[in-house]
Amino acid sequence: MSDITEIILTLLFILLALDHTDSGLGMFGWVLVGLSLLLVLVTFPLSIWMCYKIVKEYERAIIFRLGRILKGGAKGPGLFFIVPCTDVFINVDMRTIIFDIPPQEVLTKDSVTVCVDGVVYYRVQNATLAVANITNADAATRLLAQTTLRNALGTKNLAEILSDREEIAHNMQATLDEATHDWGIKVERVEIKDVKLPLQLQRAMAAEAEASREARAKVIAAEGEMNASRALKEASLVISESPSALQLRYLQTLNTIAAEKNSTIIFPLPMDILHSLKRH
């Protein structure tokens, strides 16, 4: 029974080795792999706990055999096998990662210093490239996002930064995505959170906005006075055509005064009477 078990295990590990075959190991490399398999057979069943690994649904494992990445790409999710002593693996998180861009002081195109921060959403698209092509993909993406933000805003004036945030964020996302493609990184979204202006500039802009509002208010008031004077002129022409209209207007005015319970009533005198009194 033990002989059959040994044969089955031997076949299992041979299949495992063939599954991870790498023609670049060389003769000495295959000797080391063979010795590792022999050690596993000798120490069975304790060694079985060192041979299988499990990665979560959102992870991938990159296996290195004698320093070389095995063909077939990343393993997982689920169960996979390795050869002890010759194989090592690195887990890569495939979930979306979010980080804040620290506030960056930027000199705009019109020589205004502003402080801008943002947020970046990215994920690992190719686990093999993220491990083999760069030392630390996360740190590199963070630093690249900071420099990209400064470069993007340095070509804009203050008015464009305040009004075209979505366009600037979209251009940053495209630039970051292109730069991190060789690292196996996919930049999904970039957002500009806040644009902080110097205090003196805020006061100057507030004073300018207030002066502009006051100027518009004066223009509107002047237009209202002009329209009112035109309406009064037209009303005087209508009243001058009919003397009874003036009397009706006078009675209407008295009615309005009486409704407010005033003790003072004004009686207008015709100008003709005043002129006649002056002559006598």
# chains A, B, ... in the order shown; residues from 1 in each chain; ligands from 1
$ residues_around --residues "Phe99 in chain A" --least-positions-apart "3" --cutoff "8 Å" --atoms "only C-alpha atoms" --output "ChimeraX atom specification"
/A:119-121,142
$ write_last_selection --atoms "C-alpha atoms" --output "mmCIF file, in the first residue's frame"
data_model
loop_
_atom_site.group_PDB
_atom_site.id
_atom_site.type_symbol
_atom_site.label_atom_id
_atom_site.label_comp_id
_atom_site.auth_asym_id
_atom_site.auth_seq_id
_atom_site.Cartn_x
_atom_site.Cartn_y
_atom_site.Cartn_z
ATOM 1 C CA VAL A 119 -7.742 61.845 -5.309
ATOM 2 C CA VAL A 120 -6.757 58.943 -7.592
ATOM 3 C CA TYR A 121 -8.451 55.558 -8.106
ATOM 4 C CA ARG A 142 1.573 58.202 -5.980
#
$ atom_distance --atom1 "CA of Val116 in chain A" --atom2 "CA of Leu144 in chain A"
15.4 Å
$ atom_distance --atom1 "CA of Ala152 in chain A" --atom2 "CA of Val106 in chain A"
9.6 Å
$ residues_around --residues "Met50 in chain A" --least-positions-apart "2" --cutoff "12 Å" --atoms "only C-alpha atoms" --output "PyMOL selection string"
chain A and resi 36-37+39-40+43-48+52-54+80-88
$ residues_around --residues "Glu105 in chain A" --least-positions-apart "2" --cutoff "8 Å" --atoms "only C-alpha atoms" --output "number ranges by chain"
A: 103, 107, 113-116, 150
